[in-house]
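**Q** Take a look at this one; I'll ask things after.
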2 protein chains.
Amino acid sequence: MSRSDTGRITQQRIAQLAGVSQSTVSLVLNGRVDGSVRIPQETRERILKVIEETGYIADPSARRLAGADNHILGVFTYEPAFPTESIDFYTPLLAGLEAAAETLGSDLLLFTSAPVVDGRRQLFHERNRLRLADGVLLLGLEMDPDELARLAEGDFRVVAVGRRDTPGIPYVGIDYAGAAAALVDRAAALGHERVILLHRSSLGESVLDRRRGVVDAAREAGLSLQNRPTDGIDPDADWRAVRESGATLLVVEEPELAAALLERATADGLSVPGDLSIVALGSVARPGSETVEITRLVPPRAELGERAVALLARIIAEGDAVPASERRVLMDCPILDGVTLAAPGGDR
Amino acid sequence: MSRSDTGRITQQRIAQLAGVSQSTVSLVLNGRVDGSVRIPQETRERILKVIEETGYIADPSARRLAGADNHILGVFTYEPAFPTESIDFYTPLLAGLEAAAETLGSDLLLFTSAPVVDGRRQLFHERNRLRLADGVLLLGLEMDPDELARLAEGDFRVVAVGRRDTPGIPYVGIDYAGAAAALVDRAAALGHERVILLHRSSLGESVLDRRRGVVDAAREAGLSLQNRPTDGIDPDADWRAVRESGATLLVVEEPELAAALLERATADGLSVPGDLSIVALGSVARPGSETVEITRLVPPRAELGERAVALLARIIAEGDAVPASERRVLMDCPILDGVTLAAPGGDR
DNA sequence: GCATCGTGATGATGCGCATTATCAGCACCA
DNA sequence: TGGTGCTGATAATGCGCATCATCACGATGC
């Protein structure tokens, strides 16, 4: 990281000081004792002593170029990670990544330089630093299938955080479909028959999975389900639609929207969950930021991040030896028992 | 990032396909047209076409090893960045870093691998990847002065986020001393005479600056100031101390503690700010997470991050040409006009 | 007809490290 | 005495790229 590196300490210099060759220094540093390489303890210690004294640190670029592992994990987010809109989503994930990387002794390389094309970051560009990393973690609601395919084809070690449809992409995801279905099943068991689902339009697998879980479970349980797309901008309109639907169960994607509708419900004199049950499929990171505990899914995002790192590390270490069945993991998603789901018609 | 790189595309391969030498490819890629190097448009375009078609991407390690800039900014946090305790502190900073890095076209390398020694991360260790970055940003409340000195001595490009006492370390910080003093001055102007300051023990410059600002301003304004160290674990004890002090102005480091004491004040039948004014020196990132707007400092953390990146980029580009006076920047810290500061004795 | 000059490149070299093939020296046995 | 085997290293090579000195070639000048 410098321009005028006249006095930089290299293996060569270490070798001179210890009276050996550069190769010997490298061999000692890499702990090569096997097979044809033999270095007596005495020499080894002499070299290590010099290294200690000089504070030598190997140049990562040179190591990498010579074919060694770098202990760097790339992180690519398809949306900027830190803007306040996505903060609740990314922060716990990154917390998990950081913790796991620290345990592993790896650094995280955030590909923030990726240029934005069509409102989405583009991983592949002229100057990408992908090769610096031993592997890459992919985060984001919607990923470019072409880029994913290109990654899968190339000899890149990749793990996506979140389930992906694209074949060949290993991932650690959350079983949103199962969790959403469980939520609906629970409501069905309580006696709900008419359901309205407010969903936003997104092609992200996680969003689609949640919706699918609701739809499938409703069908199998014989519930009547009304689907209403919404962008959440006009809660009043949404609320009117809910009222007109005659549903006793309202399923909302966003907890924020759920909260807004809850307000309107009570304002209208409805009791929740007595007259109307409300459940949310998403979650916010910050517990306690809501006044009412809405019954909802609570994806274990931090753990998701940790397990993604673990899987990537394993793929890096073992390569093709990792069986396909273990390259795609779905984690269970707990349901938070809030106070907004109960049997319909009751006074609570 | 691979093991079996048989078919990797290199400049050599590009050269073959375009019928030129590797040097020529490199020259074209680096836009070298000056001086003794001349390459006609025709050849240039032919090469660029091949690059386009093959999707060639330069190996960053090789570039770096050969002496080129990498467009990677290192980020070192002396405390883990994402655990929930520090989230309010680091997240807006990282948001600023990310935004600025994106503008610059740089990637961020998080040195998460740094081992923890004595409860603090250690930047210098055998396998650090410092040299991979063109420069490093240092974050954290308390930094190891020895490591800072070593960085300053070496030919590392460094910028600390937050003011640092260590000589030779460029930084972008916040003028906490001035802001804290301004806060006290404002209170003095309102007629306050007895002040109690609850501060936590920390050697971090920012913490010390805030305290110094309060102490100096109180002295100059002729206020009586009582100092009480606290770790915030026992708000009741703190509250007793406040009552016994007879102060009309309570200055608290942590907004959380300020909120807790505010509660106890009203519980005790005191009116705030009628009987007691309360101001906080720190801030939380998430606006609206408090019920009462406590008058306090609001450090512009996101902008702090952005300006730190900008300064580092400048130092990387211009090197020693950046004058010393511009290597150390203090930003103004706005005061949030809350509802907890007023003239003493009044009924509000 | 020979020196000069500009054009359009190229060959060689080094960055710092990992790795492999090789080698000198010595002891040991026949 | 010559062959064999082991020990303790080392020289050489390549990774992919940037950079500089060099060069072949044709045109131009006198």
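Going by the structure tokens order, chains are called A, B, ..., each with residues numbered from 1, while ligands are numbered from 1 in the order shown.
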Give me the residues near segment 309-313 of chain B as a list in words, where near means some atom within 8 Å (using only C-alpha atoms (C1' of nucleotides)) and where sequence neighbours in that chain fewer than 2 positions away do not count.
**A**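 Contacts, with the query itself left out: Leu97, Ala100, Ala101, Gly135, Val136, Leu137, Arg157, Val158, Val159, Val172, Gly305, Glu306, Arg307, Ile315, Ile316, Ala317 and Arg327 of chain B.
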**Q** Taking only C-alpha atoms (C1' of nucleotides) into account, which residues of chain A are within 9 Å of chain D, as a list in words?
**A** Val20, Ser21, Gln22, Ser23, Thr24, Val37, Arg38, Ile39, Pro40, Ala62, Arg64, Leu65, Ala66 and Gly67 of chain A
**Q** Quick check, in Å to one decimal: how far apart do atom CA of Gly178 of chain B and atom CA of Ser201 of chain B lie?
**A**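 So the answer is 20.0 Å.
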**Q** So which residues touch Leu225 of chain A within 9 Å, counting only C-alpha atoms (C1' of nucleotides), skipping near sequence neighbours fewer than 3 positions away, as an NGL selection string?
**A** :A and (193-197 or 214-215 or 218-219 or 247)
**Q** Report as CSV the residues of chain A within 12 Å of chain C, each with its shortest atom pair and distance in Å (one decimal), using only C-alpha atoms (C1' of nucleotides), ordered by chain and increasing residue number.
**A**
```
residue,atom,partner,partner_atom,distance
A:Asp5,CA,C:DC15,C1',11.2
A:Arg8,CA,C:DG16,C1',10.7
A:Ile9,CA,C:DG16,C1',10.1
A:Thr10,CA,C:DG16,C1',7.0
A:Gln11,CA,C:DG16,C1',7.6
A:Gln12,CA,C:DG16,C1',8.6
A:Arg13,CA,C:DG16,C1',11.1
A:Gln22,CA,C:DC17,C1',9.1
A:Ser23,CA,C:DA18,C1',8.2
A:Thr24,CA,C:DA18,C1',10.7
A:Val25,CA,C:DC17,C1',10.2
A:Ser26,CA,C:DA18,C1',7.1
A:Leu27,CA,C:DA18,C1',8.2
A:Val28,CA,C:DA18,C1',11.3
A:Leu29,CA,C:DA18,C1',10.4
A:Asn30,CA,C:DA18,C1',8.8
A:Gly31,CA,C:DA18,C1',11.8
A:Arg32,CA,C:DT19,C1',10.5
A:Gly35,CA,C:DT20,C1',11.8
A:Ser36,CA,C:DT20,C1',9.8
A:Val37,CA,C:DT20,C1',10.4
A:Ile57,CA,C:DG16,C1',11.3
A:Ala58,CA,C:DC17,C1',8.2
A:Asp59,CA,C:DG16,C1',6.7
A:Pro60,CA,C:DC17,C1',9.0
A:Ser61,CA,C:DG16,C1',8.1
A:Ala62,CA,C:DG16,C1',5.0
A:Arg63,CA,C:DC17,C1',5.3
A:Arg64,CA,C:DC17,C1',8.4
A:Leu65,CA,C:DC17,C1',7.8
A:Ala66,CA,C:DA18,C1',5.7
A:Gly67,CA,C:DA18,C1',7.2
A:Ala68,CA,C:DA18,C1',7.4
A:Asp69,CA,C:DA18,C1',11.0
```
**Q** Mind writing the picked residues with N, CA and C atoms as an mmCIF file, in the first residue's frame?
**A**
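In the end it all went to out14.cif:
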```cif
data_model
loop_
_atom_site.group_PDB
_atom_site.id
_atom_site.type_symbol
_atom_site.label_atom_id
_atom_site.label_comp_id
_atom_site.auth_asym_id
_atom_site.auth_seq_id
_atom_site.Cartn_x
_atom_site.Cartn_y
_atom_site.Cartn_z
ATOM 1 N N ASP A 5 8.450 1.957 -1.772
ATOM 2 C CA ASP A 5 8.763 0.841 -0.901
ATOM 3 C C ASP A 5 10.228 0.448 -1.009
ATOM 4 N N ARG A 8 11.174 -2.192 2.122
ATOM 5 C CA ARG A 8 10.190 -3.204 2.480
ATOM 6 C C ARG A 8 10.858 -4.521 2.823
ATOM 7 N N ILE A 9 10.304 -5.188 3.794
ATOM 8 C CA ILE A 9 10.857 -6.466 4.219
ATOM 9 C C ILE A 9 10.224 -7.595 3.431
ATOM 10 N N THR A 10 11.051 -8.359 2.795
ATOM 11 C CA THR A 10 10.564 -9.481 1.999
ATOM 12 C C THR A 10 11.183 -10.777 2.514
ATOM 13 N N GLN A 11 10.738 -11.845 1.955
ATOM 14 C CA GLN A 11 11.333 -13.135 2.321
ATOM 15 C C GLN A 11 12.811 -13.145 1.961
ATOM 16 N N GLN A 12 13.117 -12.482 0.899
ATOM 17 C CA GLN A 12 14.508 -12.393 0.466
ATOM 18 C C GLN A 12 15.382 -11.811 1.571
ATOM 19 N N ARG A 13 14.898 -10.702 2.125
ATOM 20 C CA ARG A 13 15.653 -10.042 3.199
ATOM 21 C C ARG A 13 15.767 -10.940 4.430
ATOM 22 N N GLN A 22 15.695 -17.865 0.020
ATOM 23 C CA GLN A 22 14.303 -17.440 0.089
ATOM 24 C C GLN A 22 13.365 -18.656 0.142
ATOM 25 N N SER A 23 13.704 -19.674 -0.612
ATOM 26 C CA SER A 23 12.845 -20.863 -0.627
ATOM 27 C C SER A 23 12.691 -21.424 0.779
ATOM 28 N N THR A 24 13.789 -21.476 1.476
ATOM 29 C CA THR A 24 13.750 -22.040 2.819
ATOM 30 C C THR A 24 12.809 -21.250 3.709
ATOM 31 N N VAL A 25 12.884 -19.943 3.588
ATOM 32 C CA VAL A 25 11.996 -19.096 4.382
ATOM 33 C C VAL A 25 10.542 -19.423 4.065
ATOM 34 N N SER A 26 10.259 -19.508 2.795
ATOM 35 C CA SER A 26 8.885 -19.811 2.383
ATOM 36 C C SER A 26 8.436 -21.157 2.934
ATOM 37 N N LEU A 27 9.332 -22.129 2.833
ATOM 38 C CA LEU A 27 8.977 -23.461 3.315
ATOM 39 C C LEU A 27 8.681 -23.448 4.809
ATOM 40 N N VAL A 28 9.488 -22.742 5.533
ATOM 41 C CA VAL A 28 9.262 -22.660 6.976
ATOM 42 C C VAL A 28 7.930 -21.979 7.264
ATOM 43 N N LEU A 29 7.699 -20.888 6.569
ATOM 44 C CA LEU A 29 6.468 -20.135 6.808
ATOM 45 C C LEU A 29 5.230 -20.957 6.512
ATOM 46 N N ASN A 30 5.338 -21.808 5.527
ATOM 47 C CA ASN A 30 4.166 -22.579 5.165
ATOM 48 C C ASN A 30 4.122 -23.937 5.844
ATOM 49 N N GLY A 31 5.039 -24.112 6.777
ATOM 50 C CA GLY A 31 4.996 -25.320 7.586
ATOM 51 C C GLY A 31 5.132 -26.600 6.796
ATOM 52 N N ARG A 32 5.851 -26.516 5.722
ATOM 53 C CA ARG A 32 6.003 -27.706 4.896
ATOM 54 C C ARG A 32 7.055 -28.624 5.501
ATOM 55 N N GLY A 35 7.083 -35.062 3.175
ATOM 56 C CA GLY A 35 7.749 -35.550 1.982
ATOM 57 C C GLY A 35 9.206 -35.162 1.862
ATOM 58 N N SER A 36 9.520 -34.575 0.746
ATOM 59 C CA SER A 36 10.927 -34.386 0.407
ATOM 60 C C SER A 36 11.533 -33.170 1.096
ATOM 61 N N VAL A 37 10.709 -32.410 1.778
ATOM 62 C CA VAL A 37 11.231 -31.192 2.399
ATOM 63 C C VAL A 37 11.586 -31.442 3.863
ATOM 64 N N ILE A 57 5.688 -9.313 7.320
ATOM 65 C CA ILE A 57 4.328 -9.723 6.975
ATOM 66 C C ILE A 57 4.289 -10.013 5.480
ATOM 67 N N ALA A 58 3.830 -11.184 5.148
ATOM 68 C CA ALA A 58 3.824 -11.602 3.741
ATOM 69 C C ALA A 58 2.912 -10.719 2.905
ATOM 70 N N ASP A 59 3.321 -10.471 1.700
ATOM 71 C CA ASP A 59 2.510 -9.691 0.765
ATOM 72 C C ASP A 59 1.389 -10.570 0.217
ATOM 73 N N PRO A 60 0.152 -10.168 0.503
ATOM 74 C CA PRO A 60 -0.990 -10.989 0.098
ATOM 75 C C PRO A 60 -1.111 -11.128 -1.412
ATOM 76 N N SER A 61 -0.760 -10.093 -2.134
ATOM 77 C CA SER A 61 -0.860 -10.180 -3.594
ATOM 78 C C SER A 61 0.089 -11.242 -4.128
ATOM 79 N N ALA A 62 1.277 -11.224 -3.614
ATOM 80 C CA ALA A 62 2.264 -12.195 -4.081
ATOM 81 C C ALA A 62 1.831 -13.613 -3.718
ATOM 82 N N ARG A 63 1.344 -13.761 -2.510
ATOM 83 C CA ARG A 63 0.857 -15.080 -2.096
ATOM 84 C C ARG A 63 -0.221 -15.575 -3.044
ATOM 85 N N ARG A 64 -1.137 -14.674 -3.292
ATOM 86 C CA ARG A 64 -2.268 -15.035 -4.148
ATOM 87 C C ARG A 64 -1.790 -15.389 -5.550
ATOM 88 N N LEU A 65 -0.914 -14.554 -6.050
ATOM 89 C CA LEU A 65 -0.437 -14.771 -7.410
ATOM 90 C C LEU A 65 0.296 -16.113 -7.514
ATOM 91 N N ALA A 66 0.934 -16.466 -6.440
ATOM 92 C CA ALA A 66 1.663 -17.729 -6.448
ATOM 93 C C ALA A 66 0.738 -18.913 -6.173
ATOM 94 N N GLY A 67 -0.534 -18.627 -6.028
ATOM 95 C CA GLY A 67 -1.484 -19.724 -5.950
ATOM 96 C C GLY A 67 -1.972 -20.093 -4.575
ATOM 97 N N ALA A 68 -1.585 -19.337 -3.573
ATOM 98 C CA ALA A 68 -2.019 -19.680 -2.225
ATOM 99 C C ALA A 68 -3.390 -19.093 -1.928
ATOM 100 N N ASP A 69 -4.033 -19.669 -0.943
ATOM 101 C CA ASP A 69 -5.301 -19.125 -0.495
ATOM 102 C C ASP A 69 -5.077 -17.788 0.185
#
```
**Q** Excluding Met143 of chain B and any residue of its chain fewer than 6 positions from it, enumerate the residues within 9 Å of it, using only C-alpha atoms (C1' of nucleotides), and give them as a list in words.
**A** Tyr78, Arg120, Arg164 and Gly204 of chain B
**Q** Write the residues of the preceding selection, restricted to C-alpha atoms, as a PDB file, in the first residue's frame.
**A**
```pdb
ATOM      1  CA  TYR B  78     -11.131  -1.749  16.770  1.00  0.00           C
ATOM      2  CA  ARG B 120      -9.222  -5.317  21.496  1.00  0.00           C
ATOM      3  CA  ARG B 164      -6.653  11.147  17.366  1.00  0.00           C
ATOM      4  CA  GLY B 204     -11.283   7.410  23.686  1.00  0.00           C
TER       5      GLY B 204
END
```
**Q** Looking only at strand (DSSP E or B) from DSSP on the backbone, list the matching residues of segment 131-341 of chain B as a PyMOL selection string.
**A** chain B and resi 135-139+158-161+171-174+194-199+224-229+249-252+277-280+295-297+328-331+335-336
**Q** What lies within 9 Å of segment 185-190 of chain B using only C-alpha atoms (C1' of nucleotides), ignoring chain neighbours under 4 positions off, as a list in words?
**A**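 Close residues of segment 185-190 of chain B: Ala180, Ala181, Val214, Ala217, Ala218, Ala221, Gly222, Leu223, Leu249, Ser277, Leu341, Ala342, Ala343 and Pro344 of chain B.
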**Q** As an mmCIF file with N, CA and C atoms, in the first residue's frame, could you give me every residue of chain A near chain B (at most 8 Å apart, counting only C-alpha atoms)?
**A**
```cif
data_model
loop_
_atom_site.group_PDB
_atom_site.id
_atom_site.type_symbol
_atom_site.label_atom_id
_atom_site.label_comp_id
_atom_site.auth_asym_id
_atom_site.auth_seq_id
_atom_site.Cartn_x
_atom_site.Cartn_y
_atom_site.Cartn_z
ATOM 1 N N MET A 1 0.804 -1.191 0.000
ATOM 2 C CA MET A 1 0.000 0.000 0.000
ATOM 3 C C MET A 1 0.846 1.253 0.000
ATOM 4 N N SER A 2 1.821 1.260 -0.837
ATOM 5 C CA SER A 2 2.708 2.410 -0.775
ATOM 6 C C SER A 2 3.300 2.658 -2.138
ATOM 7 N N ARG A 3 3.959 3.714 -2.217
ATOM 8 C CA ARG A 3 4.561 4.056 -3.483
ATOM 9 C C ARG A 3 6.068 3.838 -3.434
ATOM 10 N N SER A 4 6.652 4.296 -2.355
ATOM 11 C CA SER A 4 8.105 4.257 -2.263
ATOM 12 C C SER A 4 8.541 3.166 -1.305
ATOM 13 N N ASP A 5 8.450 1.957 -1.772
ATOM 14 C CA ASP A 5 8.763 0.841 -0.901
ATOM 15 C C ASP A 5 10.228 0.448 -1.009
ATOM 16 N N GLY A 55 9.349 -8.198 12.139
ATOM 17 C CA GLY A 55 7.931 -7.931 11.963
ATOM 18 C C GLY A 55 7.476 -8.161 10.529
ATOM 19 N N TYR A 56 8.116 -9.111 9.898
ATOM 20 C CA TYR A 56 7.770 -9.417 8.505
ATOM 21 C C TYR A 56 6.310 -9.830 8.349
ATOM 22 N N ILE A 57 5.688 -9.313 7.320
ATOM 23 C CA ILE A 57 4.328 -9.723 6.975
ATOM 24 C C ILE A 57 4.289 -10.013 5.480
ATOM 25 N N ALA A 58 3.830 -11.184 5.148
ATOM 26 C CA ALA A 58 3.824 -11.602 3.741
ATOM 27 C C ALA A 58 2.912 -10.719 2.905
ATOM 28 N N ASP A 59 3.321 -10.471 1.700
ATOM 29 C CA ASP A 59 2.510 -9.691 0.765
ATOM 30 C C ASP A 59 1.389 -10.570 0.217
ATOM 31 N N PRO A 60 0.152 -10.168 0.503
ATOM 32 C CA PRO A 60 -0.990 -10.989 0.098
ATOM 33 C C PRO A 60 -1.111 -11.128 -1.412
ATOM 34 N N SER A 61 -0.760 -10.093 -2.134
ATOM 35 C CA SER A 61 -0.860 -10.180 -3.594
ATOM 36 C C SER A 61 0.089 -11.242 -4.128
ATOM 37 N N ALA A 62 1.277 -11.224 -3.614
ATOM 38 C CA ALA A 62 2.264 -12.195 -4.081
ATOM 39 C C ALA A 62 1.831 -13.613 -3.718
ATOM 40 N N ARG A 64 -1.137 -14.674 -3.292
ATOM 41 C CA ARG A 64 -2.268 -15.035 -4.148
ATOM 42 C C ARG A 64 -1.790 -15.389 -5.550
ATOM 43 N N LEU A 65 -0.914 -14.554 -6.050
ATOM 44 C CA LEU A 65 -0.437 -14.771 -7.410
ATOM 45 C C LEU A 65 0.296 -16.113 -7.514
ATOM 46 N N PRO A 80 -27.306 -1.508 -2.394
ATOM 47 C CA PRO A 80 -26.405 -0.925 -1.404
ATOM 48 C C PRO A 80 -26.828 -1.384 -0.015
ATOM 49 N N ALA A 81 -25.866 -1.730 0.812
ATOM 50 C CA ALA A 81 -26.186 -2.432 2.048
ATOM 51 C C ALA A 81 -26.619 -1.526 3.185
ATOM 52 N N PHE A 82 -26.134 -0.313 3.194
ATOM 53 C CA PHE A 82 -26.303 0.460 4.411
ATOM 54 C C PHE A 82 -27.340 1.580 4.395
ATOM 55 N N PRO A 83 -27.867 1.932 3.252
ATOM 56 C CA PRO A 83 -28.899 2.963 3.302
ATOM 57 C C PRO A 83 -29.975 2.550 4.283
ATOM 58 N N THR A 91 -28.113 -5.389 8.049
ATOM 59 C CA THR A 91 -27.255 -5.310 9.218
ATOM 60 C C THR A 91 -27.126 -6.628 9.979
ATOM 61 N N PRO A 92 -28.231 -7.285 10.290
ATOM 62 C CA PRO A 92 -28.060 -8.559 10.996
ATOM 63 C C PRO A 92 -27.312 -9.589 10.157
ATOM 64 N N LEU A 94 -24.947 -8.953 7.989
ATOM 65 C CA LEU A 94 -23.534 -8.612 8.042
ATOM 66 C C LEU A 94 -22.947 -8.945 9.405
ATOM 67 N N ALA A 95 -23.763 -8.788 10.437
ATOM 68 C CA ALA A 95 -23.290 -9.163 11.770
ATOM 69 C C ALA A 95 -22.905 -10.638 11.774
ATOM 70 N N GLU A 98 -19.725 -11.132 9.737
ATOM 71 C CA GLU A 98 -18.536 -10.650 10.442
ATOM 72 C C GLU A 98 -18.096 -11.634 11.513
ATOM 73 N N ALA A 101 -16.662 -14.748 9.882
ATOM 74 C CA ALA A 101 -15.379 -14.470 9.236
ATOM 75 C C ALA A 101 -14.284 -14.324 10.277
ATOM 76 N N GLU A 102 -14.638 -13.696 11.373
ATOM 77 C CA GLU A 102 -13.651 -13.517 12.429
ATOM 78 C C GLU A 102 -13.200 -14.871 12.970
ATOM 79 N N THR A 103 -14.156 -15.747 13.182
ATOM 80 C CA THR A 103 -13.825 -17.085 13.660
ATOM 81 C C THR A 103 -12.910 -17.805 12.681
ATOM 82 N N LEU A 104 -13.186 -17.600 11.422
ATOM 83 C CA LEU A 104 -12.435 -18.276 10.374
ATOM 84 C C LEU A 104 -11.059 -17.656 10.150
ATOM 85 N N GLY A 105 -10.896 -16.426 10.613
ATOM 86 C CA GLY A 105 -9.654 -15.709 10.323
ATOM 87 C C GLY A 105 -9.639 -15.151 8.913
ATOM 88 N N SER A 106 -10.803 -14.863 8.399
ATOM 89 C CA SER A 106 -10.870 -14.328 7.045
ATOM 90 C C SER A 106 -11.270 -12.855 7.051
ATOM 91 N N ASP A 107 -10.841 -12.154 6.036
ATOM 92 C CA ASP A 107 -11.275 -10.782 5.850
ATOM 93 C C ASP A 107 -12.451 -10.764 4.886
ATOM 94 N N LEU A 108 -13.200 -9.678 4.938
ATOM 95 C CA LEU A 108 -14.355 -9.547 4.053
ATOM 96 C C LEU A 108 -14.097 -8.438 3.038
ATOM 97 N N LEU A 109 -14.244 -8.777 1.798
ATOM 98 C CA LEU A 109 -14.051 -7.775 0.754
ATOM 99 C C LEU A 109 -15.407 -7.380 0.187
ATOM 100 N N LEU A 110 -15.806 -6.158 0.476
ATOM 101 C CA LEU A 110 -17.107 -5.674 0.005
ATOM 102 C C LEU A 110 -16.956 -5.068 -1.384
ATOM 103 N N PHE A 111 -17.650 -5.635 -2.335
ATOM 104 C CA PHE A 111 -17.531 -5.148 -3.703
ATOM 105 C C PHE A 111 -18.422 -3.932 -3.920
ATOM 106 N N THR A 112 -18.053 -2.862 -3.277
ATOM 107 C CA THR A 112 -18.846 -1.643 -3.373
ATOM 108 C C THR A 112 -18.615 -0.916 -4.686
ATOM 109 N N SER A 113 -17.603 -1.332 -5.408
ATOM 110 C CA SER A 113 -17.263 -0.594 -6.621
ATOM 111 C C SER A 113 -18.156 -0.970 -7.790
ATOM 112 N N ALA A 114 -18.943 -2.012 -7.614
ATOM 113 C CA ALA A 114 -19.760 -2.478 -8.723
ATOM 114 C C ALA A 114 -20.661 -1.355 -9.222
ATOM 115 N N PRO A 115 -20.597 -1.093 -10.497
ATOM 116 C CA PRO A 115 -21.394 -0.008 -11.061
ATOM 117 C C PRO A 115 -22.866 -0.376 -11.095
ATOM 118 N N HIS A 125 -17.681 -6.482 -14.057
ATOM 119 C CA HIS A 125 -17.275 -5.312 -14.811
ATOM 120 C C HIS A 125 -15.769 -5.384 -14.979
ATOM 121 N N GLU A 126 -15.267 -4.508 -15.803
ATOM 122 C CA GLU A 126 -13.858 -4.577 -16.204
ATOM 123 C C GLU A 126 -12.877 -4.705 -15.058
ATOM 124 N N ARG A 127 -13.160 -3.958 -14.036
ATOM 125 C CA ARG A 127 -12.178 -3.878 -12.972
ATOM 126 C C ARG A 127 -12.564 -4.657 -11.730
ATOM 127 N N ASN A 128 -13.378 -5.663 -11.871
ATOM 128 C CA ASN A 128 -13.803 -6.313 -10.634
ATOM 129 C C ASN A 128 -12.665 -7.086 -9.977
ATOM 130 N N ARG A 129 -12.796 -7.156 -8.693
ATOM 131 C CA ARG A 129 -11.698 -7.725 -7.898
ATOM 132 C C ARG A 129 -12.083 -9.099 -7.360
ATOM 133 N N LEU A 130 -12.929 -9.762 -8.104
ATOM 134 C CA LEU A 130 -13.430 -11.063 -7.697
ATOM 135 C C LEU A 130 -12.319 -12.055 -7.373
ATOM 136 N N ARG A 131 -11.315 -12.046 -8.190
ATOM 137 C CA ARG A 131 -10.261 -13.060 -8.055
ATOM 138 C C ARG A 131 -9.423 -12.889 -6.809
ATOM 139 N N LEU A 132 -9.610 -11.773 -6.147
ATOM 140 C CA LEU A 132 -8.859 -11.539 -4.926
ATOM 141 C C LEU A 132 -9.392 -12.423 -3.805
ATOM 142 N N ALA A 133 -10.635 -12.781 -3.934
ATOM 143 C CA ALA A 133 -11.279 -13.541 -2.875
ATOM 144 C C ALA A 133 -11.197 -15.035 -3.147
ATOM 145 N N ASP A 134 -11.210 -15.801 -2.079
ATOM 146 C CA ASP A 134 -11.242 -17.252 -2.226
ATOM 147 C C ASP A 134 -12.633 -17.706 -2.635
ATOM 148 N N GLY A 135 -13.605 -16.859 -2.334
ATOM 149 C CA GLY A 135 -14.987 -17.199 -2.639
ATOM 150 C C GLY A 135 -15.851 -15.971 -2.425
ATOM 151 N N ASP A 155 -15.119 -21.006 -12.466
ATOM 152 C CA ASP A 155 -14.661 -21.817 -11.350
ATOM 153 C C ASP A 155 -14.663 -20.983 -10.067
ATOM 154 N N PHE A 156 -15.699 -20.186 -9.918
ATOM 155 C CA PHE A 156 -15.799 -19.367 -8.722
ATOM 156 C C PHE A 156 -16.483 -20.128 -7.604
ATOM 157 N N ARG A 157 -15.991 -19.915 -6.417
ATOM 158 C CA ARG A 157 -16.658 -20.488 -5.251
ATOM 159 C C ARG A 157 -17.689 -19.482 -4.784
ATOM 160 N N SER A 289 -39.354 -2.150 18.485
ATOM 161 C CA SER A 289 -39.647 -0.888 17.836
ATOM 162 C C SER A 289 -41.131 -0.783 17.495
#
```
**Q** Pull the alpha helix (DSSP H) assignments for segment 91-242 of chain A out of DSSP run on the backbone, and list those residues as a ChimeraX atom specification.
**A** /A:91-104,145-153,176-190,205-221,235-242
**Q** Could you tell me how far atom CA of Glu293 of chain A sits from atom CA of Asp88 of chain B, in Å to one decimal place?
**A**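 Pair atom CA of Asp88 of chain B / atom CA of Glu293 of chain A returns 23.0 Å.
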**Q** At what distance in Å, to one decimal, does atom CA of Gly140 of chain A lie from atom CA of Ala308 of chain A?
**A**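 Interatomic distance here is 13.4 Å.
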**Q** Name the residues in contact with Ala237 of chain B at a cut-off of 12 Å, using only C-alpha atoms (C1' of nucleotides), excluding same-chain residues fewer than 4 positions from it; report them as a list in words.
**A**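 Everything that qualifies: Leu198, Arg228, Pro229, Thr230, Asp231, Gly232, Ile233, Ala241, Val242, Arg243, Glu244, Leu257, Ala260, Leu261 and Arg264 of chain B.
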